[in-house]
>>> print(open('start.cif').read())   # mmCIF, C-alpha atoms
data_upload
loop_
_atom_site.label_atom_id
_atom_site.label_comp_id
_atom_site.auth_asym_id
_atom_site.auth_seq_id
_atom_site.Cartn_x
_atom_site.Cartn_y
_atom_site.Cartn_z
CA MET A 890 136.94 69.91 55.20
CA ALA A 891 135.30 70.25 58.59
CA SER A 892 132.88 67.50 59.52
CA LYS A 893 129.14 68.17 59.88
CA GLU A 894 129.43 67.40 63.57
CA ASN A 895 131.98 70.15 64.03
CA GLN A 896 129.80 72.57 62.08
CA TRP A 897 126.81 71.89 64.34
CA ASN A 898 128.88 72.35 67.50
CA LYS A 899 130.45 75.58 66.27
CA PRO A 900 129.21 78.54 68.34
CA SER A 901 127.19 81.25 66.64
CA ILE A 902 129.18 84.12 65.19
CA ASN A 903 126.70 86.67 66.49
CA LYS A 904 125.67 85.59 70.00
CA GLU A 905 124.03 88.95 70.69
CA ASP A 906 121.73 88.41 67.74
CA ASP A 907 120.87 84.92 68.94
CA ASP A 908 120.11 86.12 72.45
CA ALA A 909 117.89 88.91 71.13
CA PHE A 910 115.95 86.49 68.95
CA LEU A 911 115.46 83.97 71.78
CA TYR A 912 114.34 86.75 74.14
CA ALA A 913 111.80 87.98 71.59
CA MET A 914 110.54 84.41 71.13
CA LEU A 915 110.22 84.00 74.89
CA LEU A 916 108.15 87.18 75.15
CA SER A 917 105.92 86.00 72.29
CA THR A 918 105.00 82.91 74.31
CA SER A 919 104.99 84.57 77.74
CA HIS A 920 101.25 83.97 78.19
CA ILE A 921 101.88 80.23 78.66
CA PHE A 922 103.74 80.41 81.97
CA PRO A 923 100.90 82.18 83.88
CA MET A 924 98.46 79.53 82.64
CA ALA A 925 100.75 76.73 83.84
CA LEU A 926 101.14 78.45 87.20
CA ASN A 927 97.38 78.85 87.49
CA ALA A 928 96.88 75.13 86.79
CA ALA A 929 99.51 74.19 89.38
CA ILE A 930 97.68 76.28 92.00
CA GLU A 931 94.32 74.72 91.12
CA LEU A 932 95.88 71.23 91.36
CA ASN A 933 97.40 72.12 94.77
CA VAL A 934 100.82 71.05 93.46
CA PHE A 935 102.71 73.37 95.82
CA ASP A 936 100.76 72.16 98.86
CA ILE A 937 101.32 68.52 97.87
CA ILE A 938 105.07 68.98 97.55
CA ALA A 939 105.21 70.90 100.84
CA SER A 940 103.28 68.28 102.81
CA ARG A 941 104.29 65.01 101.11
CA ALA A 942 107.91 65.54 100.12
CA ASN A 943 110.54 63.09 101.35
CA GLY A 944 113.26 64.13 103.75
CA ASP A 945 115.22 65.64 100.86
CA GLY A 946 112.24 67.86 99.97
CA TYR A 947 111.73 66.43 96.46
CA MET A 948 108.91 64.50 94.81
CA SER A 949 108.65 62.79 91.44
CA PRO A 950 105.80 63.58 89.03
CA SER A 951 104.43 60.08 89.72
CA GLU A 952 104.35 60.72 93.46
CA ILE A 953 102.64 64.08 92.95
CA ALA A 954 100.12 62.63 90.46
CA SER A 955 99.21 59.90 92.96
CA GLN A 956 97.79 62.65 95.21
CA LEU A 957 95.55 64.05 92.47
CA PRO A 958 91.94 63.00 91.83
CA THR A 959 92.74 61.34 88.49
CA LYS A 960 92.95 57.92 86.89
CA ASN A 961 94.65 59.25 83.78
CA PRO A 962 97.65 56.95 83.14
CA ASP A 963 99.45 59.79 81.37
CA ALA A 964 99.07 62.20 84.28
CA PRO A 965 102.68 61.80 85.57
CA SER A 966 104.31 62.51 82.19
CA LEU A 967 101.95 65.42 81.45
CA LEU A 968 102.52 66.86 84.91
CA ASP A 969 106.27 66.52 84.44
CA ARG A 970 106.12 68.79 81.40
CA MET A 971 104.27 71.47 83.34
CA LEU A 972 106.58 71.21 86.37
CA ARG A 973 109.62 71.45 84.13
CA LEU A 974 108.34 74.81 82.83
CA LEU A 975 107.83 76.09 86.38
CA ALA A 976 111.32 74.92 87.33
CA SER A 977 112.85 76.67 84.30
CA HIS A 978 111.51 79.93 85.78
CA SER A 979 113.05 79.07 89.18
CA LEU A 980 109.67 78.61 90.80
CA LEU A 981 110.54 74.97 91.54
CA THR A 982 113.90 73.34 92.14
CA SER A 983 114.81 70.17 90.27
CA SER A 984 117.19 67.23 90.40
CA ILE A 985 117.59 63.94 88.53
CA ARG A 986 117.28 60.40 89.89
CA THR A 987 118.32 57.24 88.04
CA CYS A 988 115.81 54.44 88.63
CA GLU A 989 116.69 50.74 88.97
CA ASP A 990 115.55 50.05 85.40
CA GLY A 991 117.91 52.73 84.07
CA ARG A 992 115.25 55.37 83.52
CA VAL A 993 116.08 58.94 84.43
CA GLU A 994 113.40 60.62 86.53
CA ARG A 995 113.15 64.28 87.39
CA LEU A 996 112.33 65.31 90.96
CA TYR A 997 110.84 68.63 92.02
CA GLY A 998 111.02 70.69 95.19
CA LEU A 999 109.97 74.14 96.34
CA SER A 1000 112.09 77.21 95.67
CA PRO A 1001 111.94 80.16 98.10
CA ALA A 1002 109.42 81.87 95.80
CA ALA A 1003 107.23 78.75 95.60
CA LYS A 1004 106.63 78.86 99.35
CA PHE A 1005 104.36 81.86 98.80
CA TYR A 1006 102.00 79.49 96.94
CA VAL A 1007 101.73 77.11 99.89
CA GLN A 1008 98.70 77.67 102.10
CA ASN A 1009 99.50 77.99 105.79
CA GLU A 1010 97.95 79.30 108.96
CA ASP A 1011 100.44 82.17 109.24
CA GLY A 1012 99.22 83.78 106.01
CA GLY A 1013 101.64 84.73 103.26
CA TYR A 1014 99.70 82.99 100.47
CA LEU A 1015 99.71 84.42 96.93
CA GLY A 1016 97.70 81.68 95.24
CA SER A 1017 94.41 83.53 95.69
CA LEU A 1018 95.94 86.66 94.15
CA LYS A 1019 96.88 84.63 91.07
CA LEU A 1020 93.43 83.04 90.76
CA ILE A 1021 91.59 86.38 90.95
CA ASN A 1022 93.17 87.34 87.61
CA PHE A 1023 91.69 84.37 85.77
CA PRO A 1024 87.88 84.73 85.87
CA ARG A 1025 86.64 84.96 82.29
CA LYS A 1026 85.76 88.66 82.32
CA ALA A 1027 89.06 89.65 83.93
CA ALA A 1028 90.99 87.67 81.33
CA GLU A 1029 88.99 88.59 78.23
CA VAL A 1030 89.17 92.35 78.83
CA TRP A 1031 92.90 92.18 78.01
CA PHE A 1032 92.06 91.44 74.38
CA HIS A 1033 90.74 95.02 74.24
CA LEU A 1034 93.92 96.66 75.56
CA LYS A 1035 94.52 98.61 72.35
CA ASP A 1036 91.07 100.16 72.75
CA ALA A 1037 92.24 101.75 76.00
CA ILE A 1038 94.73 103.71 73.90
CA LEU A 1039 92.36 104.56 71.07
CA GLU A 1040 89.18 105.32 73.04
CA GLU A 1041 88.37 107.40 76.11
CA GLY A 1042 86.97 106.09 79.38
CA ASN A 1043 87.39 103.11 81.68
CA LEU A 1044 88.23 100.06 79.55
CA PHE A 1045 86.46 97.49 81.73
CA LYS A 1046 83.31 99.62 81.80
CA ASN A 1047 83.50 100.26 78.05
CA VAL A 1048 83.66 96.51 77.41
CA TYR A 1049 81.10 95.24 79.95
CA GLY A 1050 78.93 98.28 80.75
CA ILE A 1051 79.82 98.26 84.46
CA SER A 1052 82.99 99.02 86.39
CA CYS A 1053 85.21 96.27 87.73
CA PHE A 1054 84.22 97.11 91.31
CA GLN A 1055 80.52 96.94 90.37
CA HIS A 1056 81.19 93.55 88.79
CA LEU A 1057 82.87 92.32 91.98
CA GLY A 1058 79.97 93.58 94.09
CA ALA A 1059 77.42 91.77 91.93
CA ASP A 1060 79.19 88.38 92.06
CA PRO A 1061 79.37 87.01 95.64
CA THR A 1062 81.79 84.20 94.73
CA LEU A 1063 84.17 86.53 92.92
CA ASN A 1064 83.83 89.12 95.68
CA THR A 1065 84.82 86.52 98.28
CA LEU A 1066 87.85 85.47 96.24
CA PHE A 1067 88.90 89.10 95.70
CA ASN A 1068 88.62 89.93 99.40
CA LYS A 1069 90.55 86.78 100.31
CA SER A 1070 93.32 87.64 97.87
CA MET A 1071 93.62 91.12 99.38
CA ALA A 1072 93.69 89.69 102.91
CA ASP A 1073 96.33 87.11 101.91
CA LEU A 1074 98.47 89.82 100.34
CA ALA A 1075 98.09 91.97 103.44
CA GLY A 1076 99.38 89.08 105.52
CA ILE A 1077 102.69 89.30 103.65
CA THR A 1078 103.12 93.01 103.10
CA MET A 1079 101.89 94.25 106.49
CA LYS A 1080 104.16 91.86 108.36
CA LYS A 1081 107.11 93.58 106.71
CA VAL A 1082 105.57 97.06 107.15
CA LEU A 1083 105.09 96.49 110.88
CA GLU A 1084 108.72 95.41 111.19
CA THR A 1085 109.93 98.60 109.51
CA TYR A 1086 107.43 101.41 110.03
CA LYS A 1087 107.01 102.87 113.54
CA GLY A 1088 104.42 105.52 112.68
CA PHE A 1089 101.55 103.69 114.40
CA GLU A 1090 103.11 104.40 117.79
CA GLY A 1091 101.09 107.01 119.67
CA VAL A 1092 97.98 106.62 117.49
CA SER A 1093 94.73 106.34 119.48
CA LEU A 1094 92.07 105.95 116.78
CA LEU A 1095 93.10 104.52 113.41
CA VAL A 1096 90.70 104.47 110.45
CA ASP A 1097 91.49 102.00 107.66
CA VAL A 1098 89.75 103.37 104.57
CA ALA A 1099 88.78 100.63 102.11
CA GLY A 1100 90.16 98.17 104.63
CA GLY A 1101 88.52 95.10 103.10
CA THR A 1102 87.70 92.33 105.52
CA GLY A 1103 89.90 93.89 108.20
CA ALA A 1104 93.03 91.73 107.96
CA THR A 1105 95.39 94.71 107.90
CA LEU A 1106 93.71 96.56 110.75
CA ASN A 1107 93.64 93.46 112.92
CA MET A 1108 97.39 92.97 112.45
CA ILE A 1109 98.03 96.57 113.51
CA ILE A 1110 95.85 96.64 116.61
CA SER A 1111 97.22 93.24 117.64
CA LYS A 1112 100.71 94.74 117.73
CA TYR A 1113 99.57 98.05 119.27
CA PRO A 1114 97.06 97.35 122.09
CA SER A 1115 96.50 101.06 122.70
CA ILE A 1116 94.98 101.58 119.23
CA LYS A 1117 91.28 101.41 118.51
CA GLY A 1118 90.50 100.74 114.88
CA ILE A 1119 87.67 101.44 112.45
CA ASN A 1120 87.53 99.36 109.29
CA PHE A 1121 85.64 101.29 106.62
CA ASP A 1122 84.63 99.83 103.26
CA LEU A 1123 81.64 99.23 101.01
CA PRO A 1124 78.71 97.44 102.70
CA HIS A 1125 79.03 94.23 100.66
CA VAL A 1126 82.71 94.02 101.69
CA ILE A 1127 82.04 94.77 105.34
CA LYS A 1128 79.62 91.85 105.49
CA GLN A 1129 82.63 89.55 105.35
CA ALA A 1130 84.47 91.42 108.11
CA SER A 1131 82.34 89.57 110.67
CA SER A 1132 84.75 86.64 110.33
CA TYR A 1133 86.92 88.35 112.96
CA PRO A 1134 85.75 87.20 116.40
CA ALA A 1135 86.52 90.50 118.14
CA SER A 1136 84.80 92.64 115.55
CA ASP A 1137 81.57 94.56 115.72
CA VAL A 1138 80.06 95.04 112.29
CA GLN A 1139 77.64 97.68 111.07
CA GLU A 1140 76.65 97.60 107.40
CA THR A 1141 75.88 101.30 107.12
CA SER A 1142 78.07 104.32 107.68
CA PRO A 1143 78.75 105.29 111.30
CA PRO A 1144 77.13 108.55 112.38
CA TYR A 1145 80.50 110.26 112.60
CA ARG A 1146 79.15 113.60 111.36
CA GLN A 1147 77.13 113.98 114.56
CA TRP A 1148 79.17 111.38 116.47
CA GLY A 1149 76.53 109.27 118.02
CA MET A 1150 73.16 110.90 117.33
CA GLY A 1151 71.93 108.02 115.18
CA VAL A 1152 72.40 105.64 118.10
CA PHE A 1153 70.66 107.96 120.53
CA ARG A 1154 67.71 108.40 118.17
CA SER A 1155 67.29 104.62 118.18
CA TRP A 1156 66.94 104.89 121.95
CA GLY A 1157 64.16 107.49 121.50
CA ILE A 1158 66.36 110.37 122.72
CA SER A 1159 65.88 113.60 120.80
CA LYS A 1160 68.83 115.77 119.88
CA ASP A 1161 66.99 118.64 121.59
CA VAL A 1162 68.05 117.12 124.91
CA PHE A 1163 71.60 118.17 124.08
CA LEU A 1164 70.78 121.69 122.82
CA VAL A 1165 71.64 124.71 124.90
CA LYS A 1166 69.42 127.53 123.71
CA TYR A 1167 70.72 131.04 123.90
CA SER A 1168 68.33 133.77 122.74
CA ARG A 1169 70.75 136.70 122.37
CA PHE A 1170 70.40 138.17 118.85
CA GLY A 1171 67.68 135.60 118.23
CA PHE A 1172 70.10 132.75 117.39
CA VAL A 1173 70.05 129.22 118.72
CA TYR A 1174 73.48 127.73 119.52
CA VAL A 1175 74.57 124.15 120.07
CA GLY A 1176 76.26 124.19 123.44
CA LEU A 1177 79.55 122.65 124.44
CA VAL A 1178 77.62 120.39 126.79
CA ARG A 1179 76.14 118.50 123.85
CA LEU A 1180 79.53 118.03 122.20
CA PHE A 1181 81.15 116.77 125.39
CA VAL A 1182 78.36 114.33 126.25
CA LEU A 1183 78.18 113.03 122.68
CA ASN A 1184 81.89 112.34 122.50
CA VAL A 1185 81.95 110.50 125.81
CA LEU A 1186 78.86 108.41 125.09
CA ALA A 1187 79.84 107.72 121.49
CA SER A 1188 83.19 106.33 122.57
CA LEU A 1189 81.35 103.87 124.79
CA VAL A 1190 78.81 102.98 122.10
CA PHE A 1191 81.25 102.57 119.22
CA PHE A 1192 84.03 100.87 121.17
CA PRO A 1193 82.71 98.61 123.93
CA GLU A 1194 85.36 97.60 126.42
CA GLN A 1195 85.69 94.12 124.92
CA SER A 1196 86.37 95.28 121.36
CA ARG A 1197 88.94 97.62 119.86
CA TYR A 1198 87.87 96.83 116.28
CA ARG A 1199 84.75 98.15 114.56
CA ALA A 1200 83.66 97.77 110.93
CA PHE A 1201 81.37 100.16 109.08
CA GLY A 1202 80.07 100.22 105.51
CA GLY A 1203 79.89 103.38 103.47
CA ASP A 1204 81.27 105.37 100.55
CA MET A 1205 84.71 106.94 100.99
CA TYR A 1206 83.90 109.52 98.32
CA GLU A 1207 81.09 110.89 100.45
CA SER A 1208 82.91 110.98 103.79
CA VAL A 1209 85.14 108.88 106.03
CA PRO A 1210 85.11 108.25 109.79
CA LYS A 1211 87.07 110.56 112.06
CA GLY A 1212 90.38 109.57 113.60
CA ASP A 1213 93.78 110.90 114.57
CA ALA A 1214 95.30 108.72 111.82
CA ILE A 1215 93.71 107.52 108.58
CA MET A 1216 95.30 104.75 106.55
CA ILE A 1217 94.86 104.22 102.79
CA LYS A 1218 96.60 100.98 101.85
CA ILE A 1219 97.00 99.98 98.19
CA ILE A 1220 93.90 101.97 97.24
CA CYS A 1221 95.11 105.07 95.39
CA HIS A 1222 96.45 102.98 92.51
CA ASN A 1223 92.89 101.85 91.72
CA TRP A 1224 91.74 105.38 91.01
CA SER A 1225 92.37 108.45 88.87
CA ASP A 1226 94.03 111.60 90.22
CA GLY A 1227 90.61 113.27 90.50
CA HIS A 1228 89.25 110.45 92.65
CA CYS A 1229 92.37 110.44 94.84
CA ILE A 1230 92.15 114.20 95.42
CA LYS A 1231 88.52 113.86 96.48
CA LEU A 1232 89.42 111.02 98.86
CA LEU A 1233 92.30 112.98 100.39
CA LYS A 1234 89.98 115.95 100.84
CA ASN A 1235 87.55 113.78 102.84
CA CYS A 1236 90.44 112.36 104.87
CA ASN A 1237 91.70 115.85 105.68
CA LYS A 1238 88.26 116.87 106.90
CA ALA A 1239 87.99 113.77 109.08
CA LEU A 1240 91.43 114.12 110.65
CA GLN A 1241 91.85 115.55 114.12
CA GLN A 1242 94.18 118.52 114.44
CA ASN A 1243 97.81 117.43 113.90
CA GLY A 1244 96.55 114.12 112.53
CA LYS A 1245 98.06 112.28 109.57
CA VAL A 1246 97.11 110.21 106.56
CA ILE A 1247 99.22 107.08 106.10
CA ILE A 1248 99.39 106.00 102.47
CA ILE A 1249 100.84 102.57 101.72
CA ASP A 1250 101.06 102.07 97.99
CA TYR A 1251 103.31 101.00 95.14
CA LEU A 1252 105.94 103.49 94.01
CA MET A 1253 106.87 103.70 90.35
CA PRO A 1254 110.51 104.59 89.62
CA GLU A 1255 110.97 107.93 87.89
CA ALA A 1256 113.19 106.40 85.18
CA VAL A 1257 112.57 103.10 83.39
CA GLU A 1258 114.34 100.22 85.13
CA SER A 1259 114.64 96.50 84.40
CA SER A 1260 114.74 95.31 88.02
CA ASP A 1261 112.15 92.81 89.24
CA ALA A 1262 110.63 95.53 91.43
CA ALA A 1263 110.25 97.93 88.50
CA LYS A 1264 108.83 95.20 86.25
CA TYR A 1265 106.26 94.27 88.89
CA VAL A 1266 105.07 97.84 89.48
CA SER A 1267 104.89 98.48 85.73
CA THR A 1268 102.89 95.27 85.30
CA LEU A 1269 100.47 96.42 88.01
CA ASP A 1270 100.25 99.80 86.30
CA ASN A 1271 98.96 98.14 83.15
CA ASN A 1272 96.55 96.06 85.22
CA MET A 1273 95.14 99.28 86.70
CA LEU A 1274 94.83 100.68 83.18
CA VAL A 1275 92.79 97.70 81.99
CA ASN A 1276 90.60 96.82 84.95
CA PHE A 1277 90.17 99.83 87.22
CA GLY A 1278 91.13 103.00 85.39
CA GLY A 1279 93.78 103.85 87.98
CA LYS A 1280 97.57 103.96 87.79
CA GLU A 1281 100.78 103.49 89.74
CA ARG A 1282 102.51 106.72 90.76
CA THR A 1283 105.97 108.02 91.41
CA GLU A 1284 106.99 109.63 94.68
CA LYS A 1285 106.71 113.08 93.06
CA GLU A 1286 103.19 112.31 91.82
CA PHE A 1287 102.08 111.33 95.33
CA GLU A 1288 103.62 114.52 96.68
CA ALA A 1289 101.71 116.53 94.06
CA LEU A 1290 98.45 114.91 95.19
CA SER A 1291 99.18 115.84 98.80
CA LYS A 1292 99.61 119.52 97.85
CA THR A 1293 96.17 119.74 96.27
CA TYR A 1294 94.37 119.75 99.59
CA GLU A 1295 96.18 121.66 102.33
CA PHE A 1296 98.42 119.00 103.83
CA SER A 1297 101.32 120.68 105.56
CA ALA A 1298 103.93 118.00 104.92
CA PHE A 1299 104.60 114.91 102.82
CA HIS A 1300 107.24 112.29 103.58
CA VAL A 1301 108.16 108.81 102.29
CA ILE A 1302 109.03 107.17 105.59
CA CYS A 1303 110.24 103.79 104.33
CA ARG A 1304 109.96 101.23 101.55
CA VAL A 1305 109.00 97.57 101.74
CA TYR A 1306 110.07 94.83 99.30
CA ASN A 1307 111.47 97.66 97.12
CA VAL A 1308 107.98 98.25 95.69
CA LEU A 1309 105.74 99.56 98.50
CA GLY A 1310 106.22 103.02 99.91
CA VAL A 1311 104.91 104.06 103.33
CA MET A 1312 104.07 107.77 103.12
CA GLU A 1313 102.73 110.26 105.63
CA LEU A 1314 100.64 113.36 104.89
CA HIS A 1315 100.30 115.67 107.88
CA LYS A 1316 97.38 118.01 108.45
#
>>> encode(input="start.cif", output="structure tokens")
Amino acid sequence: MASKENQWNKPSINKEDDDAFLYAMLLSTSHIFPMALNAAIELNVFDIIASRANGDGYMSPSEIASQLPTKNPDAPSLLDRMLRLLASHSLLTSSIRTCEDGRVERLYGLSPAAKFYVQNEDGGYLGSLKLINFPRKAAEVWFHLKDAILEEGNLFKNVYGISCFQHLGADPTLNTLFNKSMADLAGITMKKVLETYKGFEGVSLLVDVAGGTGATLNMIISKYPSIKGINFDLPHVIKQASSYPASDVQETSPPYRQWGMGVFRSWGISKDVFLVKYSRFGFVYVGLVRLFVLNVLASLVFFPEQSRYRAFGGDMYESVPKGDAIMIKIICHNWSDGHCIKLLKNCNKALQQNGKVIIIDYLMPEAVESSDAAKYVSTLDNNMLVNFGGKERTEKEFEALSKTYEFSAFHVICRVYNVLGVMELHK
């Protein structure tokens, strides 16, 4: 008769069944890992390991705990349990050290992915993006996910009575965190875009619609000195754009419809000065003189010699500033098809002849895939469903949007990180 020991060590007859069960169990507890990651970010664990690690790049839980504001004697052992979970998901690396008293101690270091949770001056920090998903309202709305299927309308607004963007605008602290997370993300994605995409070459005036605090636009005009840039977003967002030393901020929409008249009125100059009256057939015409003078003076007013960056507040669904290129970066996925069509219509109107709209957004694969890229975009798609009422789109869906308002051509120029597509829509 086989011993009990041999019976316990005998491999399972149906390994496929075992693997399926364990995978299902892992999914049932998948909410725990994001909470542990959130706690590690709040405790600055990644920064501590990055700055305090020994020459081998590893730290023990005791060494990490010694840098925390705690007198809890159990902190090292509790921290070890959390770090072990992060390491099991390859976010941390781990090794074992035998102490002089015979104890075995685990050591932890940073994996390549963990470096994106280390704050540094060069940008590339994802910690703020993680934290923005954990305010109470953002977390609790997920408990109503089934209602998004059963009921019509925007889920966040159905639950709280206001849209997610209205909620962000009403909470200065949350608004600051959201804008920082978007700027931090831009620091990573735009670095790769600028290495790959060459479509900014030859652009004179670039408008970044919903450009946040201006991080993306500043990266572009820093690489391309010939470009002048307009950062256009909601007024409460533009208020934070003043953090850029070279910027010139205006909290209301620029007078791009009449290209400068609002400024001249403030000087006490009437628009009649620029009218050329012609009485034939009893009509009054606006002469070419006015248009020429306005364009020349407006370029001096809006872009002083010392600044190539301007920020204006306004509503992109009413109108957008004029330019020979208009960029919409990771914006379309926040909105429904109807909203996107209206935005593209306004962009088309604001474009100069032969201008282009540059869309940088996530691309959903046509068929279901299990790659990390596909999982990430699908996860974002559900986030848009819950919080904003938008969605991620396939390449064909973006092309369909471009055909709804008289764009002559649509092209996916390149892809970044296998998830972001850089697309051009030509007037």
>>> axis_aligned_box(input="start.cif", around="stretch 1250-1264 of chain A", padding_each_side="4 Å", output="JSON")
{"center_x": 107.9, "center_y": 100.4, "center_z": 90.7, "size_x": 21.7, "size_y": 23.1, "size_z": 22.6}
>>> residues_near_point(input="start.cif", point="(92.9, 108.3, 115.6)", cutoff="6 Å", atoms="only C-alpha atoms", output="list in words")
Val1092, Ser1093, Leu1094, Leu1095, Gly1212, Asp1213 and Ala1214 of chain A
>>> write_last_selection(input="start.cif", atoms="C-alpha atoms", output="PDB file, keeping the file's coordinate frame")
ATOM      1  CA  VAL A1092      97.980 106.620 117.490  1.00  0.00           C
ATOM      2  CA  SER A1093      94.730 106.340 119.480  1.00  0.00           C
ATOM      3  CA  LEU A1094      92.070 105.950 116.780  1.00  0.00           C
ATOM      4  CA  LEU A1095      93.100 104.520 113.410  1.00  0.00           C
ATOM      5  CA  GLY A1212      90.380 109.570 113.600  1.00  0.00           C
ATOM      6  CA  ASP A1213      93.780 110.900 114.570  1.00  0.00           C
ATOM      7  CA  ALA A1214      95.300 108.720 111.820  1.00  0.00           C
TER       8      ALA A1214
END
>>> closest_residue(input="start.cif", among="A:Lys1026, A:Arg1282, A:His1033, A:Lys1069", to="A:Cys1053", atoms="only C-alpha atoms")
A:Lys1026
>>> resolve_selection(input="start.cif", expression="the PyMOL selection byres ((chain A and resi 1231) around 10)", output="list in words")
Met1205, Tyr1206, Glu1207, Ser1208, Asp1226, Gly1227, His1228, Cys1229, Ile1230, Leu1232, Leu1233, Lys1234, Asn1235, Cys1236, Asn1237, Thr1293 and Tyr1294 of chain A
>>> atom_distance(input="start.cif", atom1="atom CA of A:Ser1017", atom2="atom CA of A:Leu1066")
6.9 Å
>>> resolve_selection(input="start.cif", expression="the PyMOL selection byres ((chain A and resi 929-941) around 7)", output="list of chain:residue names")
A:Ala925, A:Leu926, A:Asn927, A:Ala928, A:Ala942, A:Asn943, A:Met948, A:Ile953, A:Gly998, A:Tyr1006, A:Val1007, A:Gln1008, A:Gly1016
>>> residues_around(input="start.cif", residues="stretch 1114-1126 of chain A", least_positions_apart="3", cutoff="6 Å", atoms="only C-alpha atoms", output="VMD selection string")
chain A and resid 1093 to 1100 1110 1129 1140 1197 to 1203
>>> write_last_selection(input="start.cif", atoms="C-alpha atoms", output="PDB file, in the coordinates of the input")
ATOM      1  CA  SER A1093      94.730 106.340 119.480  1.00  0.00           C
ATOM      2  CA  LEU A1094      92.070 105.950 116.780  1.00  0.00           C
ATOM      3  CA  LEU A1095      93.100 104.520 113.410  1.00  0.00           C
ATOM      4  CA  VAL A1096      90.700 104.470 110.450  1.00  0.00           C
ATOM      5  CA  ASP A1097      91.490 102.000 107.660  1.00  0.00           C
ATOM      6  CA  VAL A1098      89.750 103.370 104.570  1.00  0.00           C
ATOM      7  CA  ALA A1099      88.780 100.630 102.110  1.00  0.00           C
ATOM      8  CA  GLY A1100      90.160  98.170 104.630  1.00  0.00           C
ATOM      9  CA  ILE A1110      95.850  96.640 116.610  1.00  0.00           C
ATOM     10  CA  GLN A1129      82.630  89.550 105.350  1.00  0.00           C
ATOM     11  CA  GLU A1140      76.650  97.600 107.400  1.00  0.00           C
ATOM     12  CA  ARG A1197      88.940  97.620 119.860  1.00  0.00           C
ATOM     13  CA  TYR A1198      87.870  96.830 116.280  1.00  0.00           C
ATOM     14  CA  ARG A1199      84.750  98.150 114.560  1.00  0.00           C
ATOM     15  CA  ALA A1200      83.660  97.770 110.930  1.00  0.00           C
ATOM     16  CA  PHE A1201      81.370 100.160 109.080  1.00  0.00           C
ATOM     17  CA  GLY A1202      80.070 100.220 105.510  1.00  0.00           C
ATOM     18  CA  GLY A1203      79.890 103.380 103.470  1.00  0.00           C
TER      19      GLY A1203
END
>>> atom_distance(input="start.cif", atom1="atom CA of A:Gly1103", atom2="atom CA of A:Asp1073")
11.3 Å
>>> closest_residue(input="start.cif", among="A:Lys1292, A:Val1308, A:Gly1278, A:Leu975", to="A:Leu1044", atoms="all atoms listed in the file")
A:Gly1278
>>> resolve_selection(input="start.cif", expression="the PyMOL selection byres ((chain A and resi 968) around 10)", output="list in words")
Ala929, Val934, Ser949, Pro950, Ser951, Ile953, Ala954, Asp963, Ala964, Pro965, Ser966, Leu967, Asp969, Arg970, Met971, Leu972 and Arg973 of chain A
>>> atom_distance(input="start.cif", atom1="atom CA of A:Ala1075", atom2="atom CA of A:Gly1013")
8.1 Å
>>> residues_around(input="start.cif", residues="A:Ile985", least_positions_apart="3", cutoff="8 Å", atoms="only C-alpha atoms", output="PyMOL selection string")
chain A and resi 993-996
>>> closest_residue(input="start.cif", among="A:Cys1221, A:Leu1252, A:Ile1215, A:Val1305", to="A:Lys1238", atoms="only C-alpha atoms")
A:Ile1215
>>> residues_near_point(input="start.cif", point="(97.9, 93.8, 85.2)", cutoff="12 Å", atoms="all atoms listed in the file", output="PyMOL selection string")
chain A and resi 1018-1019+1021-1023+1027-1028+1030-1031+1034+1222-1223+1264-1281
>>> closest_residue(input="start.cif", among="A:Met924, A:Thr1078, A:Cys988, A:Leu1290", to="A:Tyr1014", atoms="only C-alpha atoms")
A:Thr1078
>>> closest_residue(input="start.cif", among="A:Lys1046, A:Ala1104, A:Glu1258, A:Pro958", to="A:Gly1076", atoms="only C-alpha atoms")
A:Ala1104
